[in-house]
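Okay, upload32.cif now, which holds mmCIF, C-alpha atoms:
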```
data_model
loop_
_atom_site.label_atom_id
_atom_site.label_comp_id
_atom_site.auth_asym_id
_atom_site.auth_seq_id
_atom_site.Cartn_x
_atom_site.Cartn_y
_atom_site.Cartn_z
CA MET A 1 0.00 0.00 0.00
CA LYS A 2 1.31 3.43 -0.96
CA LEU A 3 0.24 6.75 0.56
CA VAL A 4 0.85 10.33 -0.44
CA ILE A 5 1.02 12.97 2.27
CA THR A 6 1.04 16.70 1.41
CA ALA A 7 3.99 18.36 3.13
CA GLN A 8 5.36 21.84 3.74
CA GLY A 9 8.93 20.55 3.41
CA PRO A 10 10.73 17.67 1.70
CA ASN A 11 11.24 15.50 4.82
CA PRO A 12 8.95 13.22 6.83
CA GLU A 13 9.67 15.43 9.88
CA ASP A 14 8.16 18.45 8.10
CA PRO A 15 4.59 19.53 8.83
CA VAL A 16 1.65 18.39 6.72
CA ASP A 17 0.67 21.04 4.15
CA PRO A 18 -3.07 21.75 4.53
CA ARG A 19 -3.32 22.45 0.79
CA PHE A 20 -3.46 19.63 -1.73
CA GLY A 21 -2.98 21.14 -5.19
CA ARG A 22 -0.69 23.89 -4.00
CA ALA A 23 1.20 21.88 -1.37
CA ALA A 24 4.95 22.52 -1.35
CA TYR A 25 5.71 18.78 -1.59
CA HIS A 26 3.98 15.45 -1.96
CA ILE A 27 5.70 12.75 0.05
CA LEU A 28 5.13 9.17 -1.06
CA PHE A 29 5.18 6.56 1.70
CA ASP A 30 5.48 2.87 0.86
CA ASP A 31 3.85 1.11 3.78
CA LYS A 32 5.31 -2.28 2.89
CA ALA A 33 8.91 -1.12 2.50
CA GLY A 34 8.64 1.62 5.14
CA THR A 35 10.29 4.16 2.83
CA PHE A 36 9.57 7.82 2.08
CA THR A 37 10.09 9.39 -1.35
CA THR A 38 9.78 13.14 -1.90
CA LEU A 39 7.92 14.34 -5.00
CA GLU A 40 8.24 18.00 -5.99
CA ASN A 41 4.82 19.47 -6.65
CA GLN A 42 5.35 20.68 -10.21
CA GLY A 43 1.95 22.34 -10.36
CA LYS A 44 1.97 24.28 -7.11
CA ASP A 45 2.24 27.62 -8.92
CA ALA A 46 -0.13 26.73 -11.78
CA ALA A 47 -2.44 29.57 -12.82
CA GLN A 48 -5.38 27.24 -12.36
CA GLY A 49 -6.16 23.56 -11.96
CA ALA A 50 -3.33 22.86 -9.50
CA GLY A 51 -5.47 20.22 -7.81
CA VAL A 52 -6.25 18.51 -11.13
CA GLN A 53 -2.56 18.39 -11.97
CA ALA A 54 -1.60 17.09 -8.53
CA ALA A 55 -4.27 14.38 -8.72
CA GLN A 56 -2.65 13.05 -11.89
CA THR A 57 0.76 12.96 -10.18
CA ILE A 58 -0.71 11.07 -7.22
CA ALA A 59 -2.47 8.60 -9.52
CA ALA A 60 0.71 8.04 -11.55
CA SER A 61 2.72 7.38 -8.37
CA GLY A 62 0.60 4.33 -7.68
CA ALA A 63 -0.65 5.68 -4.35
CA GLU A 64 -4.11 4.55 -3.26
CA ILE A 65 -4.39 6.88 -0.28
CA LEU A 66 -3.97 10.63 0.18
CA LEU A 67 -3.49 12.33 3.54
CA THR A 68 -3.98 16.11 3.38
CA GLY A 69 -5.66 19.13 4.94
CA HIS A 70 -8.36 20.01 2.45
CA CYS A 71 -9.43 18.81 -0.98
CA GLY A 72 -11.38 20.92 -3.48
CA PRO A 73 -14.11 19.69 -5.85
CA LYS A 74 -12.03 19.18 -9.02
CA ALA A 75 -9.21 17.39 -7.22
CA PHE A 76 -11.79 15.29 -5.39
CA GLN A 77 -13.41 14.25 -8.67
CA ALA A 78 -10.07 13.38 -10.28
CA LEU A 79 -8.79 11.46 -7.24
CA ASN A 80 -12.08 9.57 -7.04
CA ALA A 81 -11.83 8.62 -10.71
CA ALA A 82 -8.31 7.37 -10.04
CA GLY A 83 -9.51 5.29 -7.11
CA VAL A 84 -7.52 7.24 -4.51
CA SER A 85 -9.05 7.38 -1.02
CA ILE A 86 -8.76 10.80 0.60
CA PHE A 87 -8.28 11.51 4.30
CA SER A 88 -8.51 15.23 5.07
CA GLY A 89 -8.14 17.43 8.13
CA VAL A 90 -4.73 15.87 8.74
CA GLU A 91 -2.34 17.88 10.92
CA GLY A 92 1.07 17.59 12.57
CA ARG A 93 4.23 16.15 11.00
CA VAL A 94 4.12 13.81 8.00
CA LEU A 95 5.35 11.03 10.31
CA ASP A 96 2.49 11.67 12.74
CA ALA A 97 -0.01 11.62 9.87
CA VAL A 98 1.20 8.20 8.76
CA GLN A 99 0.92 6.91 12.34
CA ALA A 100 -2.59 8.35 12.67
CA TRP A 101 -3.60 6.55 9.47
CA ARG A 102 -2.06 3.27 10.72
CA ASP A 103 -3.94 3.63 13.99
CA GLY A 104 -7.19 4.12 12.09
CA ARG A 105 -7.65 7.59 13.60
CA LEU A 106 -8.34 9.37 10.29
CA GLU A 107 -11.73 9.71 8.65
CA GLU A 108 -12.22 9.21 4.92
CA LEU A 109 -13.53 12.18 2.97
CA ASN A 110 -16.78 11.53 1.10
CA SER A 111 -17.25 14.94 -0.49
CA PRO A 112 -14.97 17.91 -1.28
CA ASP A 113 -14.17 20.06 1.76
CA GLY A 114 -12.19 22.86 0.17
CA THR A 115 -12.79 25.59 -2.37
CA PRO A 116 -10.51 26.15 -5.35
CA ARG A 117 -7.93 28.85 -4.69
CA HIS A 118 -6.40 30.97 -7.38
CA MET B 1 -11.10 55.07 -35.44
CA ARG B 2 -11.53 52.41 -32.75
CA ILE B 3 -11.56 53.96 -29.31
CA ALA B 4 -11.46 51.83 -26.18
CA VAL B 5 -12.79 53.50 -23.05
CA ALA B 6 -11.01 51.87 -20.15
CA SER B 7 -9.81 52.40 -16.59
CA GLY B 8 -8.09 50.39 -13.95
CA LYS B 9 -10.62 51.15 -11.23
CA GLY B 10 -14.28 50.28 -11.59
CA GLY B 11 -16.87 53.00 -11.22
CA THR B 12 -14.76 55.84 -12.62
CA GLY B 13 -17.24 56.63 -15.40
CA LYS B 14 -16.22 54.51 -18.38
CA THR B 15 -19.77 53.93 -19.49
CA THR B 16 -20.66 57.59 -18.89
CA VAL B 17 -17.80 58.64 -21.16
CA ALA B 18 -18.50 55.94 -23.74
CA VAL B 19 -22.20 56.76 -24.20
CA ASN B 20 -21.76 60.55 -24.13
CA LEU B 21 -18.92 60.28 -26.62
CA ALA B 22 -20.98 57.99 -28.88
CA VAL B 23 -23.82 60.52 -28.89
CA THR B 24 -21.39 63.36 -29.59
CA VAL B 25 -19.85 61.45 -32.51
CA ALA B 26 -23.30 60.61 -33.93
CA ARG B 27 -24.49 64.22 -33.64
CA SER B 28 -21.43 65.36 -35.58
CA GLY B 29 -22.78 63.34 -38.52
CA ARG B 30 -20.30 60.49 -38.21
CA GLN B 31 -21.33 56.87 -38.28
CA VAL B 32 -20.58 55.24 -34.92
CA HIS B 33 -21.03 51.84 -33.27
CA LEU B 34 -20.83 51.33 -29.51
CA CYS B 35 -19.79 47.92 -28.19
CA ASP B 36 -20.54 47.27 -24.54
CA CYS B 37 -17.62 44.96 -23.78
CA ASP B 38 -18.24 45.05 -20.05
CA VAL B 39 -20.07 41.74 -20.34
CA GLU B 40 -20.16 41.08 -16.63
CA GLU B 41 -22.18 44.21 -16.00
CA PRO B 42 -23.29 45.68 -19.33
CA ASN B 43 -25.19 48.90 -18.70
CA ALA B 44 -24.58 51.23 -21.63
CA ALA B 45 -28.08 50.21 -22.75
CA ILE B 46 -29.53 51.96 -19.70
CA TYR B 47 -28.35 55.29 -21.14
CA LEU B 48 -28.93 54.69 -24.85
CA ASP B 49 -32.08 52.55 -24.69
CA PRO B 50 -31.28 50.70 -27.92
CA GLN B 51 -33.62 48.52 -29.97
CA LEU B 52 -31.93 45.13 -29.83
CA GLY B 53 -32.26 42.08 -32.00
CA PRO B 54 -32.52 38.58 -30.51
CA ALA B 55 -29.91 37.50 -27.96
CA VAL B 56 -27.66 35.01 -29.74
CA PRO B 57 -25.82 32.45 -27.61
CA VAL B 58 -22.03 32.56 -27.81
CA SER B 59 -20.21 29.33 -27.14
CA THR B 60 -16.67 28.06 -27.08
CA PRO B 61 -15.46 24.58 -28.08
CA ILE B 62 -14.46 22.18 -25.32
CA PRO B 63 -13.12 18.63 -25.55
CA VAL B 64 -15.20 15.49 -25.06
CA VAL B 65 -13.19 12.33 -24.47
CA ASP B 66 -14.39 8.94 -25.68
CA ASN B 67 -12.96 6.72 -22.95
CA ASP B 68 -13.47 3.63 -25.15
CA LEU B 69 -11.01 5.03 -27.71
CA CYS B 70 -8.65 6.66 -25.18
CA ASN B 71 -5.47 4.71 -24.43
CA HIS B 72 -4.48 7.10 -21.60
CA CYS B 73 -1.26 8.17 -23.28
CA GLY B 74 -1.51 11.53 -21.52
CA GLN B 75 -0.62 13.77 -24.48
CA CYS B 76 -3.84 15.77 -24.11
CA ALA B 77 -3.18 16.55 -20.45
CA ALA B 78 0.47 17.34 -21.19
CA ILE B 79 -0.35 19.95 -23.83
CA CYS B 80 -3.08 21.62 -21.76
CA GLU B 81 -1.68 24.78 -20.17
CA PHE B 82 -4.76 25.15 -17.98
CA ASN B 83 -5.08 21.68 -16.40
CA ALA B 84 -8.49 21.25 -17.98
CA ILE B 85 -7.85 17.55 -18.71
CA ALA B 86 -6.80 14.93 -16.18
CA CYS B 87 -5.37 11.78 -17.68
CA LEU B 88 -5.77 9.09 -15.04
CA PRO B 89 -4.86 5.41 -15.30
CA ARG B 90 -8.39 4.24 -16.15
CA GLN B 91 -10.20 7.39 -17.13
CA THR B 92 -9.57 10.78 -18.76
CA LEU B 93 -11.60 13.61 -17.24
CA VAL B 94 -12.42 17.02 -18.69
CA PHE B 95 -13.00 20.12 -16.54
CA PRO B 96 -14.85 22.39 -18.98
CA ASP B 97 -14.68 25.56 -16.89
CA LEU B 98 -10.87 25.43 -16.93
CA CYS B 99 -10.69 25.03 -20.75
CA HIS B 100 -9.52 27.98 -22.86
CA SER B 101 -10.43 26.30 -26.18
CA CYS B 102 -6.88 26.23 -27.56
CA SER B 103 -7.63 23.05 -29.61
CA GLY B 104 -4.37 21.45 -28.45
CA CYS B 105 -5.90 18.31 -26.98
CA TRP B 106 -7.96 17.23 -29.97
CA LEU B 107 -5.15 18.06 -32.37
CA VAL B 108 -2.55 16.08 -30.42
CA CYS B 109 -4.69 13.00 -29.59
CA PRO B 110 -3.22 10.07 -31.60
CA GLU B 111 -6.35 7.95 -31.10
CA GLN B 112 -8.87 10.56 -32.33
CA ALA B 113 -10.60 9.97 -29.01
CA ILE B 114 -11.39 13.66 -28.49
CA THR B 115 -14.26 15.43 -30.20
CA GLN B 116 -15.62 18.93 -29.61
CA ALA B 117 -18.73 20.15 -27.90
CA ASP B 118 -19.99 23.69 -27.41
CA ARG B 119 -20.04 25.35 -24.01
CA VAL B 120 -22.23 28.47 -23.80
CA LEU B 121 -20.44 31.48 -22.30
CA GLY B 122 -23.15 34.08 -22.69
CA GLU B 123 -25.09 35.89 -25.36
CA VAL B 124 -24.73 38.82 -27.73
CA SER B 125 -27.39 41.24 -29.00
CA VAL B 126 -26.98 43.68 -31.87
CA GLY B 127 -29.19 46.67 -32.58
CA SER B 128 -29.20 50.42 -32.67
CA ALA B 129 -30.02 53.50 -30.66
CA GLY B 130 -31.10 56.08 -33.19
CA SER B 131 -28.21 56.34 -35.64
CA ILE B 132 -25.79 54.70 -33.19
CA GLY B 133 -25.03 51.04 -33.87
CA PHE B 134 -25.06 49.06 -30.65
CA THR B 135 -23.84 45.66 -29.47
CA GLN B 136 -23.82 44.22 -26.01
CA GLY B 137 -22.63 40.95 -24.57
CA VAL B 138 -24.01 39.37 -21.42
CA LEU B 139 -21.89 36.79 -19.61
CA ARG B 140 -23.61 33.68 -18.28
CA ILE B 141 -23.88 33.86 -14.49
CA GLY B 142 -21.06 31.89 -12.89
CA GLU B 143 -18.93 31.89 -16.05
CA THR B 144 -15.22 32.67 -15.71
CA VAL B 145 -14.07 32.48 -19.34
CA VAL B 146 -14.75 35.99 -20.65
CA PRO B 147 -12.49 36.93 -23.61
CA PRO B 148 -14.21 34.85 -26.34
CA LEU B 149 -17.50 36.62 -25.59
CA ILE B 150 -15.87 40.07 -25.78
CA HIS B 151 -14.19 39.01 -29.02
CA THR B 152 -17.61 38.11 -30.46
CA VAL B 153 -19.10 41.43 -29.31
CA LYS B 154 -16.36 43.31 -31.19
CA ALA B 155 -16.74 41.12 -34.28
CA THR B 156 -20.35 42.25 -34.81
CA VAL B 157 -19.31 45.73 -35.96
CA ARG B 158 -19.96 46.14 -39.67
CA GLY B 159 -18.48 49.09 -41.46
CA ALA B 160 -18.92 51.91 -38.95
CA PRO B 161 -15.82 54.13 -39.24
CA TRP B 162 -16.07 55.09 -35.56
CA VAL B 163 -16.20 52.32 -32.98
CA ILE B 164 -16.36 52.92 -29.25
CA LEU B 165 -15.49 49.98 -27.03
CA ASP B 166 -16.76 50.29 -23.46
CA ALA B 167 -14.18 48.09 -21.71
CA PRO B 168 -14.49 46.22 -18.42
CA PRO B 169 -12.47 47.54 -15.46
CA GLY B 170 -9.19 46.01 -14.41
CA THR B 171 -6.15 44.92 -16.36
CA THR B 172 -6.76 41.19 -16.73
CA CYS B 173 -7.71 39.12 -19.80
CA PRO B 174 -11.18 40.68 -20.33
CA ALA B 175 -9.76 44.23 -20.34
CA VAL B 176 -6.91 43.13 -22.63
CA GLU B 177 -9.39 41.55 -25.05
CA ALA B 178 -11.51 44.73 -25.11
CA LEU B 179 -8.48 46.96 -25.78
CA ARG B 180 -6.83 44.74 -28.36
CA GLY B 181 -6.94 46.29 -31.82
CA ALA B 182 -8.00 49.73 -30.57
CA ASP B 183 -6.39 52.77 -32.20
CA PHE B 184 -6.65 54.80 -29.04
CA ALA B 185 -7.44 54.23 -25.38
CA LEU B 186 -9.39 56.82 -23.43
CA LEU B 187 -8.59 56.14 -19.80
CA VAL B 188 -11.15 57.46 -17.36
CA THR B 189 -10.03 58.33 -13.86
CA GLU B 190 -11.01 60.37 -10.85
CA PRO B 191 -8.83 62.58 -8.64
CA THR B 192 -8.48 60.13 -5.76
CA PRO B 193 -5.43 58.12 -4.71
CA PHE B 194 -7.40 54.94 -5.52
CA GLY B 195 -8.36 56.20 -8.97
CA LEU B 196 -4.83 57.31 -9.71
CA HIS B 197 -3.26 54.07 -8.52
CA ASP B 198 -5.45 52.02 -10.84
CA LEU B 199 -5.07 54.53 -13.67
CA ASP B 200 -1.36 53.83 -13.57
CA LEU B 201 -2.11 50.11 -14.08
CA ALA B 202 -4.34 50.96 -17.04
CA VAL B 203 -1.66 53.21 -18.59
CA LYS B 204 0.85 50.37 -18.29
CA LEU B 205 -1.65 47.99 -19.91
CA ALA B 206 -2.32 50.35 -22.84
CA ARG B 207 1.39 51.01 -23.34
CA GLY B 208 2.10 47.28 -23.08
CA LEU B 209 -0.37 46.78 -25.95
CA ASP B 210 1.20 49.68 -27.90
CA ILE B 211 -2.04 51.67 -27.85
CA PRO B 212 -1.66 55.44 -27.49
CA CYS B 213 -3.76 56.82 -24.68
CA GLY B 214 -5.23 59.99 -23.22
CA ILE B 215 -7.06 60.76 -20.01
CA VAL B 216 -10.58 61.82 -19.16
CA GLU B 217 -10.78 63.15 -15.61
CA ASN B 218 -14.20 62.48 -14.15
CA ARG B 219 -15.50 64.04 -10.92
CA ALA B 220 -12.89 66.76 -11.33
CA ILE B 221 -12.63 69.16 -8.40
CA PRO B 222 -11.06 72.62 -8.92
CA GLY B 223 -7.73 72.84 -7.15
CA ARG B 224 -7.27 69.10 -6.82
CA ASP B 225 -4.45 68.49 -9.28
CA ILE B 226 -3.19 64.96 -8.60
CA VAL B 227 -4.36 63.78 -12.04
CA ASP B 228 -2.60 66.70 -13.77
CA ARG B 229 0.62 66.05 -11.92
CA TYR B 230 0.52 62.35 -12.80
CA CYS B 231 -0.24 63.10 -16.45
CA ALA B 232 2.60 65.64 -16.69
CA GLU B 233 4.99 63.10 -15.24
CA MET B 234 3.80 60.35 -17.60
CA ASP B 235 3.52 62.64 -20.65
CA LEU B 236 -0.20 61.95 -21.04
CA PRO B 237 -2.77 64.42 -22.39
CA VAL B 238 -5.85 65.23 -20.31
CA LEU B 239 -8.43 65.37 -23.11
CA ALA B 240 -11.57 66.16 -21.13
CA ARG B 241 -12.78 66.93 -17.64
CA ILE B 242 -16.21 66.26 -16.19
CA PRO B 243 -16.80 68.29 -13.04
CA PHE B 244 -17.89 66.73 -9.77
CA THR B 245 -21.33 68.22 -9.18
CA ARG B 246 -24.49 66.99 -7.56
CA ASP B 247 -26.53 67.88 -10.66
CA LEU B 248 -24.39 65.77 -13.00
CA ALA B 249 -24.44 62.88 -10.55
CA ALA B 250 -28.24 63.08 -10.48
CA VAL B 251 -28.43 63.03 -14.29
CA GLY B 252 -26.18 59.98 -14.47
CA SER B 253 -28.02 58.09 -11.75
CA GLU B 254 -31.31 58.60 -13.58
CA GLY B 255 -29.90 57.16 -16.81
CA GLY B 256 -29.64 60.56 -18.49
CA LEU B 257 -26.98 61.88 -20.86
CA LEU B 258 -24.63 64.53 -19.49
CA VAL B 259 -24.30 66.14 -22.94
CA ASP B 260 -28.07 66.78 -22.92
CA ALA B 261 -28.10 68.15 -19.40
CA ASP B 262 -25.11 70.46 -19.30
CA ALA B 263 -23.81 72.75 -22.06
CA ASP B 264 -20.29 72.88 -20.60
CA VAL B 265 -20.05 69.10 -20.53
CA ALA B 266 -21.43 68.95 -24.08
CA ALA B 267 -18.71 71.40 -25.14
CA ALA B 268 -16.07 69.29 -23.38
CA PHE B 269 -17.20 66.22 -25.33
CA THR B 270 -17.21 68.14 -28.62
CA GLN B 271 -13.66 69.24 -27.86
CA LEU B 272 -12.74 65.65 -27.00
CA LEU B 273 -14.11 64.56 -30.37
CA ASP B 274 -12.07 67.28 -32.10
CA GLU B 275 -8.95 66.00 -30.37
CA LEU B 276 -9.72 62.44 -31.49
CA VAL B 277 -10.39 63.58 -35.07
CA GLY B 278 -7.05 65.39 -34.98
CA LEU B 279 -5.31 62.26 -33.70
CA GLU B 280 -6.87 60.21 -36.47
CA ALA B 281 -5.74 62.75 -39.09
CA ARG B 282 -2.18 62.64 -37.77
CA ALA B 283 -2.08 58.82 -37.56
#
```
Rewrite the structure of this file - the entire thing - as structure tokens.
Amino acid sequence: MKLVITAQGPNPEDPVDPRFGRAAYHILFDDKAGTFTTLENQGKDAAQGAGVQAAQTIAASGAEILLTGHCGPKAFQALNAAGVSIFSGVEGRVLDAVQAWRDGRLEELNSPDGTPRH
Amino acid sequence: MRIAVASGKGGTGKTTVAVNLAVTVARSGRQVHLCDCDVEEPNAAIYLDPQLGPAVPVSTPIPVVDNDLCNHCGQCAAICEFNAIACLPRQTLVFPDLCHSCSGCWLVCPEQAITQADRVLGEVSVGSAGSIGFTQGVLRIGETVVPPLIHTVKATVRGAPWVILDAPPGTTCPAVEALRGADFALLVTEPTPFGLHDLDLAVKLARGLDIPCGIVENRAIPGRDIVDRYCAEMDLPVLARIPFTRDLAAVGSEGGLLVDADADVAAAFTQLLDELVGLEARA
């Protein structure tokens, strides 16, 4: 199982970025191997559709789960179509977020909870 | 002569200047067409009360993906500058409100899996107010893609040697689309720090588009010279002034024409027209 966590910095010790499309980094966690891989968010400064672009990156990474702060309607639709489960309202360090997911303390998002930001 | 009436700030009097100038041009015996390019809040019609033909929908092409033909190669998403297409492992999604109709996706698709559909942006009506030709565009509520509608509004002009384009405020894509192709930009401002700040943005926009410009100072107050000082510094002509009076404000708020209500203002508009005729002769 692979997870992507939105992060304000490139390391697992960095705080979770509450934004999805415009997060500074997307950190890929391989639950089986226990390894973290940092993905630069190429679309974080996109004029529009940052969430749509990020959703494609997440889907291409093979992740099935996203841990983030908020997720807007277009990103939600794209992630849903890619079969990615979204857990929002995540706070603390990336490491803590992964632990919270392992402990079953996070709630899956069933509808978008953010508005698009320009 | 295509004259765009623009400003950075909203509410400076663009429409007031556009309609009073159109009437002044028409009364001088010249053929004139006014385009209300402020499609988000078109209100030149309030002053000119034109007879309009039917409202014709204006649409823009957007992609439709046939997911049975799509092999998810991702070329459509890669070429899209606006992230309007998401190529996902099992599905390719289109987000129509992000699409700018560049055609890139359906041209690049190797599987011919993308066809076009029309998305309605708003509507355009053409008509006349007396001898003044008139076009207005009305944006669909909630729509964010504005330039193609403004483009269509401008494309309705047939043969009138004088065209007045009432531009939207601001300096973003809709204002750029309204100004594009104009021979001259009349920038309307008011003697306030806010008005002046946004005038400076509008001057930079006009100069960036290589359109010569001049200033109309609205709500002018004797002794308040911040517009003059700015124009001297920027080498810009002040071509007309409309004084700040309660009577003129009342005329405007009742949908009346300033050139009908006040002989001094009528003279100022006639002089403005003379200046514009002179500019055209020198061009």
- prompt: Counting all atoms listed in the file, which residues of chain A come no farther than 8 Å from chain B, as a ChimeraX atom specification?
  reply: /A:46-50,52-53,55-56,59-60,74,78,81-82
If you count all atoms listed in the file, the residue of B:Asp166, B:Asp118, B:Glu111, B:Glu40 closest to Ala22 (chain B) turns out to be B:Asp166
If the PyMOL selection byres ((chain B and resi 135) around 9) were run on this exact file, what residues would it hold? Put them as JSON, numbers by chain. {"B": [33, 34, 35, 36, 37, 52, 124, 125, 126, 127, 128, 133, 134, 136, 137, 153, 154, 156, 157]}
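Pairwise distance (CA of Arg207 (chain B), CA of Cys231 (chain B)) equals 14.0 Å.
Interatomic distance, CA of Val238 (chain B) against CA of Ala185 (chain B): 12.2 Å.
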Using only C-alpha atoms, which residues sit within 8 Å of Val265 (chain B) once same-chain residues fewer than 6 positions away are excluded, as a PDB file with C-alpha atoms, in the frame of the given file?
```
ATOM      1  CA  ILE B 242     -16.210  66.260 -16.190  1.00  0.00           C
ATOM      2  CA  LEU B 258     -24.630  64.530 -19.490  1.00  0.00           C
ATOM      3  CA  VAL B 259     -24.300  66.140 -22.940  1.00  0.00           C
TER       4      VAL B 259
END
```
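CA of Gln42 (chain A) lies 28.2 Å from CA of Arg102 (chain A).
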* To do: Please evaluate the PyMOL selection byres ((chain A and resi 108) around 7) against the structure above and give the resulting residues as an NGL selection string.
  => :A and (85-87 or 106-107 or 109-110)
Put a box with edges along x, y and z around all the listed atoms of region 96-110 of chain A, pad it by 8 Å on each side, then give me its centre and sizes in Å, one decimal, as lines of an AutoDock Vina configuration file.
```
center_x = -7.1
center_y = 7.7
center_z = 7.5
size_x = 35.3
size_y = 24.9
size_z = 28.9
```
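With only C-alpha atoms as the atoms that count, the minimum distance from Trp101 (chain A) to the choices A:Ala54, A:Ser88, A:Glu13, A:His26 is reached by A:Ser88.
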* **Residues within 9 Å of Asn41 (chain A), all atoms listed in the file, excluding chain neighbours under 6 positions, as a PyMOL selection string** => chain A and resi 21-26+54+57
Going by the chain IDs and residue numbers used in this file, which residues fall under the PyMOL selection byres ((chain B and resi 201) around 12)? Write them as a short mmCIF file (atom, residue, chain, number, x, y, z; two decimals) with C-alpha atoms, in the frame of the given file.
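For reference, part_15.cif as written:
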```cif
data_model
loop_
_atom_site.label_atom_id
_atom_site.label_comp_id
_atom_site.auth_asym_id
_atom_site.auth_seq_id
_atom_site.Cartn_x
_atom_site.Cartn_y
_atom_site.Cartn_z
CA ALA B 6 -11.01 51.87 -20.15
CA SER B 7 -9.81 52.40 -16.59
CA GLY B 8 -8.09 50.39 -13.95
CA LYS B 9 -10.62 51.15 -11.23
CA PRO B 169 -12.47 47.54 -15.46
CA GLY B 170 -9.19 46.01 -14.41
CA THR B 171 -6.15 44.92 -16.36
CA THR B 172 -6.76 41.19 -16.73
CA ALA B 175 -9.76 44.23 -20.34
CA LEU B 187 -8.59 56.14 -19.80
CA THR B 189 -10.03 58.33 -13.86
CA PHE B 194 -7.40 54.94 -5.52
CA GLY B 195 -8.36 56.20 -8.97
CA LEU B 196 -4.83 57.31 -9.71
CA HIS B 197 -3.26 54.07 -8.52
CA ASP B 198 -5.45 52.02 -10.84
CA LEU B 199 -5.07 54.53 -13.67
CA ASP B 200 -1.36 53.83 -13.57
CA ALA B 202 -4.34 50.96 -17.04
CA VAL B 203 -1.66 53.21 -18.59
CA LYS B 204 0.85 50.37 -18.29
CA LEU B 205 -1.65 47.99 -19.91
CA ALA B 206 -2.32 50.35 -22.84
CA ARG B 207 1.39 51.01 -23.34
CA GLY B 208 2.10 47.28 -23.08
#
```
For Gly252 (chain B), work out the shell of residues within 9 Å, counting only C-alpha atoms and skipping chain neighbours fewer than 5 positions away, then give it as a PDB file with C-alpha atoms, in the frame of the given file.
```pdb
ATOM      1  CA  THR B  16     -20.660  57.590 -18.890  1.00  0.00           C
ATOM      2  CA  TYR B  47     -28.350  55.290 -21.140  1.00  0.00           C
ATOM      3  CA  ASP B 247     -26.530  67.880 -10.660  1.00  0.00           C
ATOM      4  CA  LEU B 257     -26.980  61.880 -20.860  1.00  0.00           C
ATOM      5  CA  LEU B 258     -24.630  64.530 -19.490  1.00  0.00           C
TER       6      LEU B 258
END
```
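The environment of Thr115 (chain B) within 12 Å, counting all atoms listed in the file and disregarding residues fewer than 6 places along the same chain, consists of Pro61, Ile62, Pro63, Val64, Val65, Asp66, Asn67, Leu69, Cys70, Val94, Ser103, Gly104, Cys105, Trp106, Leu107, Val108 and Cys109 of chain B.
Selection around (-4.1, 5.2, 11.0) with radius 12 Å, counting only C-alpha atoms, yields the residues A:Leu3, A:Asp31, A:Ile65, A:Leu67, A:Phe87, A:Val90, A:Leu95, A:Asp96, A:Ala97, A:Val98, A:Gln99, A:Ala100, A:Trp101, A:Arg102, A:Asp103, A:Gly104, A:Arg105, A:Leu106, A:Glu107, A:Glu108.
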Counting all atoms listed in the file, closest pick from A:Arg19, A:Arg93, A:Lys2, A:Lys44 relative to Gly69 (chain A) is A:Arg19
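With all atoms listed in the file as the atoms that count, the minimum distance from Asp262 (chain B) to the choices B:Gly29, B:Gly122, B:Gly223, B:Pro243 is reached by B:Pro243.
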